[in-house]
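Next comes final32.csv, a file with CSV, C-alpha atoms.
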```
chain,number,residue,atom,x,y,z
A,294,MET,CA,207.5,109.9,97.0
A,295,PHE,CA,207.5,109.8,93.2
A,296,GLU,CA,205.7,113.1,93.0
A,297,LYS,CA,207.8,115.0,95.4
A,298,ASP,CA,210.3,117.6,94.1
A,299,LEU,CA,214.0,117.2,94.3
A,300,GLU,CA,214.5,119.5,97.3
A,301,ALA,CA,211.9,117.7,99.3
A,302,LEU,CA,213.4,114.3,98.6
A,303,LYS,CA,216.9,115.5,99.5
A,304,ALA,CA,215.6,116.8,102.8
A,305,MET,CA,214.3,113.3,103.4
A,306,GLY,CA,217.6,111.7,102.4
A,307,ALA,CA,215.7,109.8,99.7
A,308,HIS,CA,216.3,111.5,96.3
A,309,ILE,CA,218.7,109.0,94.9
A,310,THR,CA,216.8,105.8,95.8
A,311,THR,CA,213.4,107.3,94.7
A,312,THR,CA,214.8,108.4,91.3
A,313,GLU,CA,216.5,105.0,90.8
A,314,ILE,CA,213.3,103.1,91.5
A,315,LYS,CA,211.2,105.4,89.3
A,316,GLN,CA,213.5,105.3,86.2
A,317,GLN,CA,213.5,101.5,85.8
A,318,PRO,CA,211.0,101.2,83.0
A,319,ASP,CA,213.2,103.4,80.8
A,320,LEU,CA,216.3,101.4,81.9
A,321,TRP,CA,214.6,98.2,80.8
A,322,ARG,CA,214.0,99.6,77.4
A,323,ASP,CA,217.7,100.6,77.3
A,324,ALA,CA,218.7,97.1,78.5
A,325,TYR,CA,216.7,95.5,75.7
A,326,ASN,CA,218.9,97.6,73.2
A,327,ILE,CA,222.0,96.5,75.0
A,328,TYR,CA,220.9,92.9,74.7
A,329,LYS,CA,220.4,93.3,70.9
A,330,GLU,CA,223.8,94.9,70.6
A,331,ASN,CA,225.5,92.0,72.4
A,332,LYS,CA,223.4,89.0,71.3
A,333,ALA,CA,225.5,87.9,68.3
A,334,GLY,CA,228.8,88.5,70.2
A,335,VAL,CA,227.7,86.4,73.2
A,336,GLU,CA,226.6,83.6,70.9
A,337,GLU,CA,230.0,83.6,69.1
A,338,PHE,CA,231.8,83.8,72.5
A,339,LEU,CA,230.0,80.7,73.8
A,340,ALA,CA,230.2,78.6,70.6
A,341,ASP,CA,233.5,76.8,71.4
A,342,ILE,CA,232.6,75.8,74.9
A,343,LYS,CA,229.2,74.4,73.8
A,344,LYS,CA,231.1,72.0,71.6
A,345,LEU,CA,232.5,70.3,74.7
A,346,GLY,CA,229.1,69.1,76.0
A,347,ARG,CA,226.3,70.3,78.2
A,348,VAL,CA,227.6,73.5,79.8
A,349,SER,CA,227.2,74.5,83.4
A,350,VAL,CA,226.0,78.1,83.4
A,351,VAL,CA,226.8,79.3,86.9
A,352,PHE,CA,225.0,82.6,87.9
A,353,ALA,CA,227.1,84.2,90.5
A,354,GLY,CA,226.9,87.3,92.7
A,355,ALA,CA,226.7,88.3,96.3
A,356,GLY,CA,223.6,89.7,98.1
A,357,THR,CA,221.2,91.2,95.6
A,358,SER,CA,223.5,90.2,92.7
A,359,ASP,CA,223.2,86.6,94.0
A,360,TYR,CA,219.4,86.9,93.9
A,361,VAL,CA,219.5,87.8,90.2
A,362,GLY,CA,220.5,84.2,89.6
A,363,ASP,CA,217.9,82.9,92.0
A,364,THR,CA,215.3,84.8,90.1
A,365,VAL,CA,216.3,84.0,86.5
A,366,ALA,CA,217.5,80.4,86.7
A,367,PRO,CA,214.1,78.8,87.5
A,368,TYR,CA,212.6,80.5,84.4
A,369,LEU,CA,215.4,79.6,82.1
A,370,ARG,CA,215.3,76.0,83.2
A,371,HIS,CA,212.2,75.7,81.0
A,372,ALA,CA,212.6,78.7,78.7
A,373,GLY,CA,216.3,78.4,77.9
A,374,ASP,CA,218.2,75.8,75.8
A,375,THR,CA,218.5,73.1,78.5
A,376,ASP,CA,220.0,70.7,76.1
A,377,ALA,CA,223.0,72.9,75.8
A,378,PHE,CA,223.0,74.6,79.3
A,379,ASN,CA,222.5,73.6,82.9
A,380,PHE,CA,221.5,76.8,84.7
A,381,MET,CA,222.8,77.0,88.3
A,382,PRO,CA,222.6,80.0,90.7
A,383,VAL,CA,225.6,79.9,93.2
A,384,ALA,CA,226.6,82.8,95.4
A,385,THR,CA,230.1,84.1,94.8
A,386,THR,CA,230.5,83.8,98.6
A,387,ASP,CA,229.9,80.1,98.3
A,388,ILE,CA,232.3,79.7,95.3
A,389,VAL,CA,235.1,81.5,97.2
A,390,SER,CA,234.7,79.8,100.5
A,391,ALA,CA,234.0,76.2,99.4
A,392,PRO,CA,234.6,76.0,95.6
A,393,LEU,CA,234.6,72.2,95.3
A,394,ASP,CA,231.2,72.1,96.9
A,395,PHE,CA,229.7,74.0,94.0
A,396,LEU,CA,232.0,73.7,90.9
A,397,ARG,CA,232.8,70.5,89.1
A,398,PRO,CA,236.4,70.6,87.6
A,399,ASP,CA,235.5,68.5,84.6
A,400,ASP,CA,232.3,70.3,83.6
A,401,PRO,CA,232.6,72.9,80.8
A,402,THR,CA,231.5,76.0,82.6
A,403,VAL,CA,230.4,79.6,82.0
A,404,LEU,CA,230.7,81.7,85.1
A,405,VAL,CA,228.2,84.6,84.7
A,406,SER,CA,229.2,87.3,87.2
A,407,PHE,CA,226.6,89.8,88.3
A,408,ALA,CA,228.0,92.9,89.8
A,409,ARG,CA,226.8,96.5,90.3
A,410,SER,CA,230.2,98.0,91.0
A,411,GLY,CA,232.4,95.0,90.1
A,412,ASN,CA,234.6,96.0,93.1
A,413,SER,CA,233.3,93.5,95.7
A,414,PRO,CA,236.2,91.3,96.8
A,415,GLU,CA,234.1,88.1,96.3
A,416,SER,CA,233.3,89.1,92.7
A,417,LEU,CA,236.9,89.2,91.8
A,418,ALA,CA,238.0,86.2,93.9
A,419,ALA,CA,235.2,84.0,92.5
A,420,VAL,CA,236.7,84.5,89.0
A,421,GLU,CA,240.2,83.6,90.1
A,422,VAL,CA,239.1,80.6,92.2
A,423,ALA,CA,236.9,79.2,89.4
A,424,ARG,CA,239.8,79.7,86.9
A,425,LYS,CA,241.9,77.4,89.1
A,426,VAL,CA,239.2,74.8,89.8
A,427,VAL,CA,237.5,74.3,86.4
A,428,LYS,CA,239.5,73.0,83.4
A,429,ASN,CA,237.3,74.5,80.7
A,430,ILE,CA,235.8,77.8,81.7
A,431,LYS,CA,234.6,81.1,80.2
A,432,PHE,CA,233.6,84.3,82.0
A,433,LEU,CA,230.5,86.3,81.1
A,434,ASN,CA,230.4,89.5,83.1
A,435,ILE,CA,227.2,91.5,83.4
A,436,THR,CA,228.0,94.6,85.4
A,437,CYS,CA,226.9,98.2,85.7
A,438,ALA,CA,230.3,99.9,86.2
A,439,PRO,CA,232.7,100.3,83.2
A,440,GLU,CA,235.4,101.5,85.7
A,441,GLY,CA,234.9,98.6,88.1
A,442,LYS,CA,237.7,96.1,88.6
A,443,LEU,CA,235.6,93.2,87.2
A,444,ALA,CA,235.2,95.0,83.9
A,445,VAL,CA,238.7,96.5,83.7
A,446,GLU,CA,240.6,93.4,84.7
A,447,SER,CA,238.7,91.2,82.2
A,448,ALA,CA,239.2,93.6,79.3
A,449,ASP,CA,242.2,91.7,77.8
A,450,ASP,CA,241.1,88.2,78.7
A,451,PRO,CA,240.1,86.2,75.6
A,452,ASN,CA,238.0,83.9,77.8
A,453,ALA,CA,235.9,86.8,79.1
A,454,TYR,CA,233.1,88.8,77.6
A,455,THR,CA,231.7,91.9,79.5
A,456,ILE,CA,228.2,93.5,79.0
A,457,LEU,CA,227.9,96.9,80.6
A,458,ILE,CA,224.8,98.6,81.8
A,459,PRO,CA,226.1,102.0,83.0
A,460,ARG,CA,222.8,103.8,83.5
A,461,ALA,CA,221.8,101.0,86.0
A,462,ASN,CA,224.9,101.7,88.2
A,463,ASP,CA,222.8,102.6,91.3
A,464,GLN,CA,224.4,105.2,93.5
A,465,GLY,CA,222.0,104.7,96.4
A,466,PHE,CA,222.7,102.1,99.1
A,467,ALA,CA,220.3,99.6,97.9
A,468,MET,CA,220.4,97.9,94.4
A,469,THR,CA,217.3,98.6,92.4
A,470,GLY,CA,217.7,99.2,88.7
A,471,SER,CA,221.0,97.2,88.7
A,472,TYR,CA,219.1,94.1,90.0
A,473,SER,CA,216.2,94.4,87.5
A,474,CYS,CA,218.4,95.2,84.5
A,475,MET,CA,221.0,92.4,85.1
A,476,SER,CA,218.0,90.0,85.5
A,477,LEU,CA,216.4,91.2,82.2
A,478,ILE,CA,219.6,91.1,80.1
A,479,THR,CA,220.3,87.6,81.4
A,480,MET,CA,216.8,86.3,80.5
A,481,LEU,CA,217.0,87.8,77.1
A,482,LEU,CA,220.4,86.3,76.3
A,483,PHE,CA,219.4,82.7,77.3
A,484,ASP,CA,215.6,82.7,76.6
A,485,CYS,CA,214.8,80.7,73.5
A,486,SER,CA,211.5,82.5,72.9
A,487,ASP,CA,210.7,84.3,69.7
A,488,GLU,CA,212.4,87.7,69.4
A,489,ASP,CA,209.2,89.6,68.8
A,490,ALA,CA,207.7,88.0,71.9
A,491,LYS,CA,210.7,89.1,74.0
A,492,ALA,CA,210.4,92.6,72.7
A,493,ALA,CA,206.7,92.7,73.5
A,494,TRP,CA,207.3,91.4,77.0
A,495,VAL,CA,209.9,94.0,77.8
A,496,GLU,CA,207.5,96.8,76.6
A,497,THR,CA,204.7,95.4,78.7
A,498,ALA,CA,206.9,95.1,81.8
A,499,ALA,CA,207.9,98.7,81.3
A,500,LYS,CA,204.3,99.9,81.0
A,501,MET,CA,203.5,98.0,84.2
A,502,GLY,CA,206.5,99.5,85.9
A,503,GLU,CA,205.2,103.0,85.0
A,504,GLU,CA,201.9,102.0,86.5
A,505,VAL,CA,203.6,101.2,89.8
A,506,VAL,CA,204.8,104.8,89.9
A,507,ALA,CA,201.3,106.1,89.1
A,508,ARG,CA,199.7,103.9,91.8
A,509,GLU,CA,202.0,104.7,94.7
A,510,ALA,CA,199.1,105.8,96.9
A,511,GLU,CA,197.7,102.3,96.8
A,512,ILE,CA,201.0,100.8,97.9
A,513,ALA,CA,201.2,103.4,100.7
A,514,GLU,CA,197.8,102.3,102.0
A,515,PHE,CA,199.1,98.8,102.6
A,516,LEU,CA,201.5,100.3,105.1
A,517,ASN,CA,199.0,102.5,106.9
A,518,CYS,CA,198.9,100.3,110.0
A,519,ASP,CA,201.0,99.6,113.1
A,520,PHE,CA,203.1,96.6,111.8
A,521,ASN,CA,206.6,95.6,112.8
A,522,ARG,CA,207.1,92.5,110.7
A,523,MET,CA,207.0,91.7,107.0
A,524,THR,CA,207.3,88.6,104.9
A,525,TYR,CA,207.4,87.9,101.2
A,526,LEU,CA,206.5,84.6,99.5
A,527,GLY,CA,206.5,83.3,95.9
A,528,SER,CA,206.9,80.2,93.8
A,529,GLY,CA,209.4,79.4,91.0
A,530,SER,CA,211.3,82.5,90.0
A,531,PHE,CA,209.4,84.4,92.6
A,532,GLY,CA,211.1,82.5,95.4
A,533,GLY,CA,214.3,84.4,94.5
A,534,LEU,CA,212.2,87.6,94.0
A,535,ALA,CA,210.8,87.2,97.5
A,536,GLN,CA,214.3,87.0,98.9
A,537,GLU,CA,215.3,90.2,97.1
A,538,ALA,CA,212.1,92.0,98.3
A,539,GLN,CA,212.7,91.1,101.9
A,540,LEU,CA,216.3,92.3,101.7
A,541,LYS,CA,215.2,95.7,100.5
A,542,ILE,CA,213.0,96.0,103.6
A,543,LEU,CA,215.9,94.9,105.8
A,544,GLU,CA,218.4,97.2,104.2
A,545,LEU,CA,216.4,100.4,103.9
A,546,ALA,CA,214.9,100.1,107.4
A,547,ARG,CA,218.2,99.0,108.9
A,548,GLY,CA,216.6,96.0,110.6
A,549,LEU,CA,213.9,98.0,112.5
A,550,VAL,CA,211.2,95.9,110.7
A,551,ALA,CA,211.8,92.1,111.1
A,552,THR,CA,211.6,90.3,107.7
A,553,SER,CA,211.3,86.8,106.4
A,554,TRP,CA,210.9,85.1,103.0
A,555,ASP,CA,210.1,81.7,101.6
A,556,THR,CA,208.4,79.8,98.8
A,557,SER,CA,204.6,79.7,99.0
A,558,MET,CA,204.6,76.0,99.7
A,559,GLY,CA,207.7,76.0,101.9
A,560,TYR,CA,206.3,78.5,104.3
A,561,ARG,CA,204.0,76.1,106.1
A,562,HIS,CA,206.9,73.9,107.2
A,563,GLY,CA,207.9,76.0,110.2
A,564,PRO,CA,208.7,79.5,108.9
A,565,LYS,CA,205.0,80.4,109.1
A,566,SER,CA,205.6,80.7,112.8
A,567,PHE,CA,207.0,84.1,112.0
A,568,VAL,CA,203.5,85.5,111.3
A,569,ASP,CA,201.7,87.4,114.1
A,570,ASP,CA,199.1,90.2,114.3
A,571,LYS,CA,201.8,92.8,113.6
A,572,THR,CA,202.9,91.1,110.3
A,573,LEU,CA,202.3,92.1,106.7
A,574,VAL,CA,202.4,89.1,104.3
A,575,PHE,CA,203.0,89.8,100.6
A,576,VAL,CA,202.7,87.0,98.1
A,577,PHE,CA,204.0,87.3,94.5
A,578,VAL,CA,201.4,85.3,92.4
A,579,ASN,CA,202.7,83.4,89.4
A,580,ASN,CA,201.0,83.5,86.0
A,581,ASP,CA,201.6,79.8,85.3
A,582,GLU,CA,198.1,78.2,85.7
A,583,TYR,CA,199.4,75.3,87.8
A,584,THR,CA,201.8,77.2,90.0
A,585,ARG,CA,199.4,80.0,90.6
A,586,GLN,CA,197.1,77.6,92.6
A,587,TYR,CA,199.8,77.2,95.3
A,588,ASP,CA,200.3,81.0,95.6
A,589,LEU,CA,196.6,81.5,96.0
A,590,ASP,CA,196.3,78.6,98.5
A,591,ILE,CA,198.8,80.2,100.9
A,592,LEU,CA,197.1,83.6,100.5
A,593,GLU,CA,193.7,82.1,101.3
A,594,GLU,CA,195.2,80.1,104.2
A,595,ILE,CA,196.9,83.0,106.0
A,596,ASN,CA,194.1,85.3,105.3
A,597,GLY,CA,191.6,82.7,106.6
A,598,ASP,CA,193.7,82.0,109.7
A,599,GLY,CA,193.4,85.6,110.7
A,600,ILE,CA,196.9,85.5,112.1
A,601,ALA,CA,198.4,88.4,110.0
A,602,MET,CA,197.7,92.1,110.2
A,603,LYS,CA,197.3,92.1,106.4
A,604,THR,CA,197.7,89.5,103.7
A,605,ILE,CA,198.3,91.0,100.3
A,606,ALA,CA,198.7,89.6,96.8
A,607,ILE,CA,200.9,91.1,94.1
A,608,GLN,CA,199.4,89.7,91.0
A,609,GLN,CA,198.4,90.1,87.4
A,610,GLU,CA,194.7,89.5,86.7
A,611,GLY,CA,193.9,86.0,85.4
A,612,ALA,CA,191.2,83.4,85.4
A,613,THR,CA,191.7,83.1,89.2
A,614,ALA,CA,193.0,85.8,91.6
A,615,PHE,CA,193.1,86.7,95.3
A,616,GLU,CA,189.9,88.6,95.9
A,617,HIS,CA,191.0,90.4,99.0
A,618,ALA,CA,193.8,93.0,99.5
A,619,SER,CA,196.0,93.1,96.4
A,620,PHE,CA,198.1,95.1,94.0
A,621,THR,CA,196.7,93.8,90.7
A,622,PHE,CA,197.8,94.7,87.2
A,623,LYS,CA,194.9,94.7,84.8
A,624,GLY,CA,194.6,95.0,81.0
A,625,TYR,CA,197.8,93.4,79.9
A,626,ASP,CA,198.6,90.1,78.2
A,627,ALA,CA,200.0,87.6,80.8
A,628,LEU,CA,203.7,87.9,81.2
A,629,PRO,CA,206.0,84.9,81.8
A,630,GLU,CA,207.4,84.9,85.3
A,631,GLY,CA,210.9,86.0,84.4
A,632,TYR,CA,209.6,89.2,82.9
A,633,LEU,CA,206.7,89.7,85.4
A,634,ALA,CA,209.4,89.8,88.1
A,635,LEU,CA,210.4,93.3,86.9
A,636,PRO,CA,207.2,95.2,87.7
A,637,PHE,CA,206.7,93.0,90.7
A,638,ILE,CA,210.0,94.0,92.2
A,639,MET,CA,209.2,97.6,91.7
A,640,VAL,CA,206.2,97.1,93.9
A,641,GLY,CA,208.5,95.6,96.5
A,642,GLN,CA,211.0,98.4,96.2
A,643,THR,CA,208.3,101.0,96.6
A,644,VAL,CA,207.1,99.3,99.8
A,645,SER,CA,210.7,99.4,101.1
A,646,LEU,CA,211.1,103.0,100.2
A,647,LEU,CA,207.9,104.1,101.9
A,648,ASN,CA,208.6,101.9,104.9
A,649,SER,CA,212.1,103.4,105.3
A,650,VAL,CA,210.6,106.8,105.6
A,651,ARG,CA,207.9,105.5,107.9
A,652,VAL,CA,210.4,104.3,110.5
A,653,GLY,CA,212.4,107.6,110.3
A,654,ASN,CA,215.3,106.3,108.3
A,655,THR,CA,217.0,107.9,105.3
A,656,PRO,CA,216.8,105.5,102.3
A,657,ASP,CA,219.9,106.8,100.5
A,658,THR,CA,222.1,106.2,103.6
A,659,PRO,CA,220.2,103.7,105.7
A,660,SER,CA,223.1,102.4,107.8
A,661,PRO,CA,224.1,105.3,110.2
A,662,THR,CA,226.9,103.4,111.8
A,663,GLY,CA,228.5,102.5,108.5
A,664,THR,CA,228.9,98.9,109.5
A,665,VAL,CA,227.0,97.9,106.4
A,666,ASN,CA,228.3,99.4,103.2
A,667,ARG,CA,227.2,99.9,99.6
A,668,VAL,CA,230.3,97.9,98.5
A,669,VAL,CA,231.4,95.3,100.9
A,670,LYS,CA,234.5,96.0,103.0
A,671,GLY,CA,236.6,94.1,105.4
A,672,VAL,CA,236.6,90.8,103.5
A,673,THR,CA,239.8,88.7,103.7
A,674,ILE,CA,240.3,86.5,100.6
A,675,HIS,CA,242.6,83.6,101.5
A,676,PRO,CA,244.8,82.0,98.8
A,677,TYR,CA,243.4,79.0,97.1
A,678,GLY,CA,245.5,76.2,95.5
A,679,ALA,CA,248.9,76.6,93.9
```
Encoded form (structure tokens):
Amino acid sequence: MFEKDLEALKAMGAHITTTEIKQQPDLWRDAYNIYKENKAGVEEFLADIKKLGRVSVVFAGAGTSDYVGDTVAPYLRHAGDTDAFNFMPVATTDIVSAPLDFLRPDDPTVLVSFARSGNSPESLAAVEVARKVVKNIKFLNITCAPEGKLAVESADDPNAYTILIPRANDQGFAMTGSYSCMSLITMLLFDCSDEDAKAAWVETAAKMGEEVVAREAEIAEFLNCDFNRMTYLGSGSFGGLAQEAQLKILELARGLVATSWDTSMGYRHGPKSFVDDKTLVFVFVNNDEYTRQYDLDILEEINGDGIAMKTIAIQQEGATAFEHASFTFKGYDALPEGYLALPFIMVGQTVSLLNSVRVGNTPDTPSPTGTVNRVVKGVTIHPYGA
């Protein structure tokens, strides 16, 4: 797909999604510059609320934007300033529908809103509900649409700070670059690691992403079989990554391929029943030496059971690795999980793109009935409080 010309991709209804997956390494380099431009401003913006005590940093979004928080929070719970911040991923849909189940009124809070368009009803409602519920709150918006309502309506709010990533405003149905760029900027903002290390990790991730494009044929070979189910597994940050990867399959194939996701250890506790001889199982392998053991255990177990059509590791080479079917990155320094998530999700996105074409769908417009939309429609937001 990545080598086809524009006219061929247009004829397949795939030119937007293919381009947006392929361009991500360049977007990550841009995102790093956006981070540098905003770093001091965000630190100044958060200074006052940090004086009130340990701050709840609530990562909020819906769908893929929700999975940004699920991906970055586990990493930041050990790489971020956990004396100052408590990192919590909570879907905007949960905040809006049951705010007191997820927000504590007396806790100083930063609501970090992730939004591709900034026009989803829940994105806007979550801000207003949180404003009513929490006594001391600030709003950090990370969005890809300068013209979106989230950005526009926050422009004059002294308690809001907006970071824009306009090149990552995906026009295809499925979020790709918007997910990875919002994840990256968030990690960079809250990661306490050395600045030189962060810069090096971004460049390494970008080079690995370029390798995904160059090795598309290897990914296509995984799909060269008669499967009708797919599952993604991972540990730590890769639990959230697994959820996002399975959503891409579900969205781009409009449900024609059944999907599941779980953590590597959690899968044994019932969800493994999903696997049959028509199932592809992908496992994102963590680089943390301790955690990696559990990812390799589930790979070896499912592969040894012989219950799946294929069991495939997505991994970076290390002292231990899955020695059977894999997409393995070699020749790079080991990346921390938060940054490794970027090239890993490009593998998952490429699987989804190829699978969409395989089942006869059009990746750019995968929902022919229009019942599922790029920006959610038909949501009723009920009044909350006074």
Problem - Near-range 596-613 of chain A list (10 Å; only C-alpha atoms; drop same-chain fewer than 2 positions) as JSON, numbers by chain - result: {"A": [501, 515, 516, 518, 519, 520, 521, 522, 523, 524, 525, 526, 527, 566, 567, 568, 569, 570, 571, 572, 573, 574, 575, 576, 577, 578, 579, 580, 581, 582, 585, 586, 588, 589, 590, 591, 592, 593, 594, 615, 616, 617, 618, 619, 620, 621, 622, 623, 624, 625, 626, 627, 628, 633, 636, 637, 638, 640, 641]}
Problem - Option closest in space to Pro629 in chain A, from A:Glu440, A:Asp463, A:Asp387, A:Asp484 [counting only C-alpha atoms] - result: A:Asp484
Practice task
Anything within 8 Å of (209.4, 82.7, 89.7): list those residues as a list in words, counting all atoms listed in the file and sticking to the file's coordinates.
Solution key: Thr364, Val365, Pro367, Tyr368, Gly527, Ser528, Gly529, Ser530, Phe531, Gly532, Gly533, Leu534, Asn579, Glu630, Gly631 and Ala634 of chain A
Exercise for the section: Write out as a count of residues only the residues lying within 12 Å of range 320-332 of chain A, counting all atoms listed in the file and excluding same-chain residues fewer than 3 positions away. Expected result: 59
Practice task
Go ahead and compute the interatomic distance for CA of Tyr360 in chain A and CA of Tyr583 in chain A, in Å to one decimal.
Solution key: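 About the pair CA of Tyr360 in chain A and CA of Tyr583 in chain A: they are 23.9 Å apart.
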Practice task
May I have the residues within 7 Å of Gly306 in chain A as a PyMOL selection string, using only C-alpha atoms and disregarding those fewer than 6 positions away in the same chain?
Solution key: chain A and resi 655-657
Centre, x/y/z edge lengths, axis-aligned box for range 502-508 of chain A with 6 Å per side, as AutoDock Vina command-line options:
```
--center_x 203.1 --center_y 102.8 --center_z 88.4 --size_x 18.8 --size_y 18.6 --size_z 18.8
```
Handout entry: Nearest residue to Lys431 in chain A from the set A:Val351, A:Leu417, A:Ala467, A:Ile542 (distances using only C-alpha atoms)
Key =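 Ranked by minimum distance to Lys431 in chain A, first place goes to A:Val351.
Note that the spacing between CA of Arg409 in chain A and CA of Asp450 in chain A amounts to 20.2 Å.
Across A:Ala546, A:Val672, A:Leu540, A:Met558, the tightest approach to Leu646 in chain A is made by A:Ala546 when counting all atoms listed in the file.
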Practice task
Have a look at CA of Gln539 in chain A and CA of Thr357 in chain A and let me know their distance in Å, one decimal.
Solution key: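 Pair CA of Gln539 in chain A / CA of Thr357 in chain A returns 10.6 Å.
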Practice task
Considering only C-alpha atoms, state which residue in the set A:Gln642, A:Gln464, A:Thr658, A:Ser553 is at the smallest distance from Lys541 in chain A.
Solution key: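 Closest residue, counting only C-alpha atoms: A:Gln642.
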